[in-house]
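Chemist: After the structure tokens below, expect a handful of questions from me.
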Amino acid sequence: MTLIKSISGIRGTIGGKVGDNLTPVDAVKFASAYGTFLKQNIGKDKLTVVIGRDARISGPMIHNLVVNTLVGLGIDVIDLGLSTTPTVEVAVPLEKADGGIILTASHNPKQWNALKLLNAKGEFLNGADGAKILEIAEAEAFDFSDVDSLGTITENDAYMDIHIDEVLNLPLVDADAVAKRKFKVVVDGVNSSGGIIIPKLLELMGVEVVKLYCEPNGHFPHNPEPLKEHLGDICKLVVEEKADFGVVVDPDVDRLAFISNDGEMFGEEYTLVAVADYVLSKTPGNTVSNMSSSRALRDITEKHNGSYQASAVGEVNVVELMKATNAIIGGEGNGGIIYPESHYGRDSLVGVALFLTHLANMEMTVAELRASYPQYFMSKNKIELTPQIDVDAVLKTMTEKYASENISTIDGVKIDFPTEWVHLRKSNTEPIIRIYTEAPTQTEADVLAERFVSELKQIAGI
């Protein structure tokens with residue numbers, strides 16, 4: 001199963017058979033469904049959609065198909081070309097557009113691509129709207145425009161610079177304080193658009209940048225998910241360059257990981273913890289992350305007299321709960337920072353700028369900063385699924401088995417033990433069950449994960 005249709009968009013591998021993979025036909029079909037949805041739900045004669053893509057190899061092909069499909073529906077397109085997910089999110093409301101599409105498979109390897117769909121606020125569509133688009137696609141209920149009513153294409157390559165300016169203008173970002181510290185930072189842009197935008201932001205903040213894999217050619221030099229096992233090169237280079245820290249982003253620049261000055265992972269989970277610590281110290285309030293994120297955010301929030309809540313996994317769920325609780329900052333433990341002062345979307349630029357300002361105000365190294373936070377350790381595992389496995393039945397059996405524990409079934413099954421937790425859920429983007437655990441030591445987290453992987457396999461008969 002390499003074509004995954006979900007409420008957040010469509011994602012698949014390039015090539016193969018129609019309906020099984022992300023073929024040109026599937027790209028056109030889902031772009032048609034999105035455009036049709038907008039035409040049915042927005043009472044305007046002329047609609048506008050913003051489109052941008054990451055640097056993956058299939059990007060130009062999918063991009064041309066999607067842009068011209070919208071033109072065929074009579075929709076005007078503002079084409080940002082090579083861009084980032086948060087940049088497109090920022091551009092949609094600034095252009096007063098009716099929606100946006102980001103062509104990126106985020107952290108997936110190079111054979112994947114996807115259409116990620118935005119509303120007029122530049123935020124991901126909610127579940128109900130996503131479901132309507134899937135229905136329209138299934139029915140192929142498209143009505144294209146005649147020759148005199150085709151849409152137009154306006155190219156605008158200024159938005160990465162506009163996005164950088166927007167970040168630098170945030171009240172809690174202090175580029176002057178950062179410049180005085182004369183930081184040296186290594187950037188791994190995984191040969192996508194982050195290799196352009198992150199170094200540019202850093203240089204404007206007076207940071208010396210060492211570039212690693214910053215050529216946006218789509219040839220990812222390692223697995224693009226910013227996990228420890230993929231980041232040996234930058235960990236080594238940070239030490240060799242005697243850099244203050246390293247910055248790693250995924251291909252569409254919505255996930256952010258730091259490497260400490262000693263070449264060790266700062267911890268993807270602690271990206272949000274550190275940035276939230278700084279933001280809450282200046283503007284106290286509430287926070288939100290998802291159920292698979294570290295308890296450390298809760299601890300930091302309570303230190304600043306705020307209230308923490310956990311949502312179901314998925315950016316749209318985090319954003320919904322952030323709005324409901326007036327959260328000052330939130331995000332996901334995978335390195336996704338959502339700062340409403342900028343916009344309701346995960347944004348690595350916002351994360352980098354706030355982290356640098358935080359560091360500039362502290363008389364400590366990045367490794368010392370990391371050591372100052374509550375110490376939790378996570379283990380992130382997954383089990384590959386076959387179509388025959390009834391995942392819901394497997395998770396129901398697990399829920400019954402641990403009925404005496406503190407359990408949440410809002411999103412999969414989360415079992416909270418007194419000093420550790422495990423979260424089991426179906427992925428929305430890949431045919432897998434994710435198993436996340438957290439405990440006071442790495443060994444305990446790993447042992448807990450191994451135990452639950454084994455129990456799941458036994459129940460599923462794998």
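Chain labels follow the order of the structure tokens: the first chain is A, the next B, and so on; residue numbering restarts at 1 in every chain, and ligands are counted from 1 in their shown order.
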With 12 Å as the cut-off and only C-alpha atoms counted, what is the closest atom pair between each nearby residue of region 214-286 of chain A and region 88-97 of chain A? Distances in Å to one decimal, ordered by chain and number, as a tab-separated table.
Modeler:
```
residue	atom	partner	partner_atom	distance
A:Asp252	CA	A:Val88	CA	10.3
A:Val253	CA	A:Val88	CA	11.1
A:Asp254	CA	A:Glu89	CA	10.7
```
Chemist: Report as a ChimeraX atom specification all protein, DNA and RNA residues lying within 6 Å of region 424-439 of chain A, evaluated on only C-alpha atoms, omitting residues in the same chain fewer than 6 positions from it.
Modeler: /A:376-385,412-413,445,449
Chemist: Based on the selection just made, write all heavy atoms of those residues as a compact mmCIF listing (two decimals), in the first residue's frame.
Modeler:
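Result written to result20.txt:
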```txt
# COMPACT_ATOMS: atom_id res chain seq x y z
N TYR A 376 13.84 13.04 30.59
CA TYR A 376 13.02 11.90 30.17
C TYR A 376 13.67 11.31 28.92
O TYR A 376 14.33 12.01 28.16
CB TYR A 376 11.59 12.33 29.83
CG TYR A 376 10.79 12.83 31.00
CD1 TYR A 376 10.54 14.20 31.17
CD2 TYR A 376 10.24 11.95 31.93
CE1 TYR A 376 9.78 14.67 32.23
CE2 TYR A 376 9.48 12.42 33.00
CZ TYR A 376 9.26 13.78 33.14
OH TYR A 376 8.51 14.24 34.19
N PHE A 377 13.44 10.04 28.72
CA PHE A 377 14.03 9.37 27.56
C PHE A 377 12.94 8.60 26.82
O PHE A 377 12.11 7.94 27.44
CB PHE A 377 15.15 8.42 28.00
CG PHE A 377 16.30 9.15 28.63
CD1 PHE A 377 16.28 9.48 29.98
CD2 PHE A 377 17.40 9.53 27.87
CE1 PHE A 377 17.32 10.18 30.56
CE2 PHE A 377 18.45 10.22 28.45
CZ PHE A 377 18.42 10.55 29.78
N MET A 378 12.97 8.71 25.49
CA MET A 378 11.94 8.08 24.68
C MET A 378 12.52 7.00 23.79
O MET A 378 13.69 7.05 23.42
CB MET A 378 11.23 9.12 23.81
CG MET A 378 10.41 10.10 24.61
SD MET A 378 9.44 11.18 23.54
CE MET A 378 8.05 10.11 23.20
N SER A 379 11.66 6.06 23.47
CA SER A 379 11.99 5.06 22.46
C SER A 379 10.85 5.09 21.44
O SER A 379 9.68 5.04 21.81
CB SER A 379 12.09 3.67 23.10
OG SER A 379 12.42 2.71 22.13
N LYS A 380 11.20 5.26 20.15
CA LYS A 380 10.20 5.36 19.10
C LYS A 380 10.38 4.18 18.15
O LYS A 380 11.42 4.06 17.52
CB LYS A 380 10.33 6.69 18.35
CG LYS A 380 10.11 7.90 19.25
CD LYS A 380 10.18 9.22 18.49
CE LYS A 380 9.93 10.40 19.42
NZ LYS A 380 9.93 11.70 18.69
N ASN A 381 9.38 3.33 18.11
CA ASN A 381 9.46 2.11 17.30
C ASN A 381 8.23 2.01 16.41
O ASN A 381 7.25 2.72 16.58
CB ASN A 381 9.54 0.88 18.22
CG ASN A 381 10.80 0.88 19.06
OD1 ASN A 381 11.81 0.34 18.66
ND2 ASN A 381 10.74 1.50 20.23
N LYS A 382 8.30 1.08 15.46
CA LYS A 382 7.13 0.85 14.62
C LYS A 382 7.10 -0.60 14.16
O LYS A 382 8.14 -1.27 14.09
CB LYS A 382 7.13 1.81 13.42
CG LYS A 382 8.36 1.76 12.54
CD LYS A 382 8.34 2.92 11.56
CE LYS A 382 9.59 2.93 10.71
NZ LYS A 382 9.68 4.11 9.83
N ILE A 383 5.90 -1.06 13.86
CA ILE A 383 5.71 -2.41 13.31
C ILE A 383 5.08 -2.25 11.93
O ILE A 383 4.05 -1.57 11.79
CB ILE A 383 4.77 -3.25 14.21
CG1 ILE A 383 5.37 -3.45 15.60
CG2 ILE A 383 4.50 -4.61 13.56
CD1 ILE A 383 4.43 -4.15 16.56
N GLU A 384 5.70 -2.84 10.91
CA GLU A 384 5.14 -2.81 9.56
C GLU A 384 3.88 -3.67 9.52
O GLU A 384 3.85 -4.76 10.10
CB GLU A 384 6.15 -3.36 8.55
CG GLU A 384 7.47 -2.61 8.51
CD GLU A 384 7.39 -1.28 7.77
OE1 GLU A 384 6.44 -1.12 6.97
OE2 GLU A 384 8.25 -0.42 8.00
N LEU A 385 2.86 -3.18 8.85
CA LEU A 385 1.59 -3.89 8.80
C LEU A 385 1.37 -4.58 7.46
O LEU A 385 1.86 -4.11 6.44
CB LEU A 385 0.44 -2.91 9.01
CG LEU A 385 0.45 -2.13 10.33
CD1 LEU A 385 -0.70 -1.14 10.34
CD2 LEU A 385 0.35 -3.07 11.51
N GLY A 412 -5.65 6.04 19.31
CA GLY A 412 -4.99 4.77 19.57
C GLY A 412 -5.17 4.40 21.02
O GLY A 412 -6.25 4.59 21.60
N VAL A 413 -4.10 3.93 21.66
CA VAL A 413 -4.14 3.56 23.08
C VAL A 413 -2.92 4.16 23.76
O VAL A 413 -1.78 3.88 23.36
CB VAL A 413 -4.10 2.02 23.27
CG1 VAL A 413 -4.20 1.68 24.76
CG2 VAL A 413 -5.22 1.35 22.50
N ALA A 445 13.04 2.96 28.91
CA ALA A 445 12.18 3.26 27.75
C ALA A 445 12.32 2.17 26.69
O ALA A 445 11.32 1.74 26.09
CB ALA A 445 12.55 4.62 27.16
N ALA A 449 9.49 -0.51 25.44
CA ALA A 449 9.15 -0.59 24.01
C ALA A 449 9.25 -2.02 23.50
O ALA A 449 8.36 -2.51 22.79
CB ALA A 449 10.08 0.32 23.21
```
Chemist: What's around Ile459 (chain A) at 9 Å? Count only C-alpha atoms, leave out sequence neighbours fewer than 2 positions away in its own chain, and write the answer as a PyMOL selection string.
Modeler: chain A and resi 394+397-398+454-457+461-462
Chemist: Keeping N, CA, C and O atoms for every residue in the selection just given, could you write it to a file as a compact mmCIF listing (two decimals), in the first residue's frame?
Modeler:
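The resulting file, result-v3.txt, is reproduced below:
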```
# COMPACT_ATOMS: atom_id res chain seq x y z
N VAL A 394 -6.57 -5.31 17.25
CA VAL A 394 -5.32 -5.48 18.01
C VAL A 394 -5.25 -4.47 19.15
O VAL A 394 -4.96 -4.81 20.31
N THR A 397 -7.77 -5.23 21.95
CA THR A 397 -7.27 -6.30 22.82
C THR A 397 -6.27 -5.74 23.83
O THR A 397 -6.30 -6.09 25.02
N MET A 398 -5.39 -4.85 23.36
CA MET A 398 -4.39 -4.25 24.24
C MET A 398 -5.06 -3.38 25.32
O MET A 398 -4.66 -3.39 26.49
N SER A 454 6.71 -6.80 21.34
CA SER A 454 6.53 -8.25 21.43
C SER A 454 5.05 -8.60 21.66
O SER A 454 4.51 -9.51 21.02
N GLU A 455 4.40 -7.86 22.59
CA GLU A 455 2.98 -8.15 22.88
C GLU A 455 2.10 -7.86 21.66
O GLU A 455 1.17 -8.63 21.37
N LEU A 456 2.37 -6.77 20.96
CA LEU A 456 1.60 -6.43 19.75
C LEU A 456 1.75 -7.49 18.68
O LEU A 456 0.77 -7.91 18.06
N LYS A 457 2.99 -7.92 18.46
CA LYS A 457 3.23 -8.95 17.43
C LYS A 457 2.51 -10.25 17.79
O LYS A 457 1.98 -10.93 16.90
N GLY A 461 -0.37 -11.74 15.52
CA GLY A 461 0.06 -12.97 14.86
C GLY A 461 1.13 -12.75 13.82
O GLY A 461 1.19 -13.42 12.79
N ILE A 462 2.01 -11.78 14.10
CA ILE A 462 3.11 -11.49 13.16
C ILE A 462 4.33 -12.35 13.51
O ILE A 462 4.77 -12.36 14.65
```
Chemist: Output as CSV one row per residue of region 261-307 of chain A within 12 Å of region 172-193 of chain A: the closest atom pair and its distance in Å to one decimal place, counting only C-alpha atoms, sorted by chain and residue number ascending.
Modeler:
```
residue,atom,partner,partner_atom,distance
A:Asn261,CA,A:Val185,CA,9.3
A:Gly263,CA,A:Val186,CA,10.9
A:Val275,CA,A:Leu172,CA,10.8
A:Ala276,CA,A:Leu172,CA,11.7
A:Tyr278,CA,A:Leu172,CA,8.9
A:Val279,CA,A:Leu172,CA,7.4
A:Leu280,CA,A:Leu172,CA,10.6
A:Ser281,CA,A:Leu172,CA,10.6
A:Lys282,CA,A:Leu172,CA,7.9
A:Thr283,CA,A:Leu172,CA,9.3
```
Chemist: As a ChimeraX atom specification, list the residues of region 235-406 of chain A assigned to alpha helix (DSSP H) by DSSP on the backbone atoms of this structure.
Modeler: /A:235-240,268-282,296-303,315-325,348-360,366-371,391-401
Chemist: Smallest atom-to-atom distance to Val71 (chain A): which of A:Thr357, A:Gln40, A:Asn21, A:Thr154, using only C-alpha atoms?
Modeler: A:Thr154
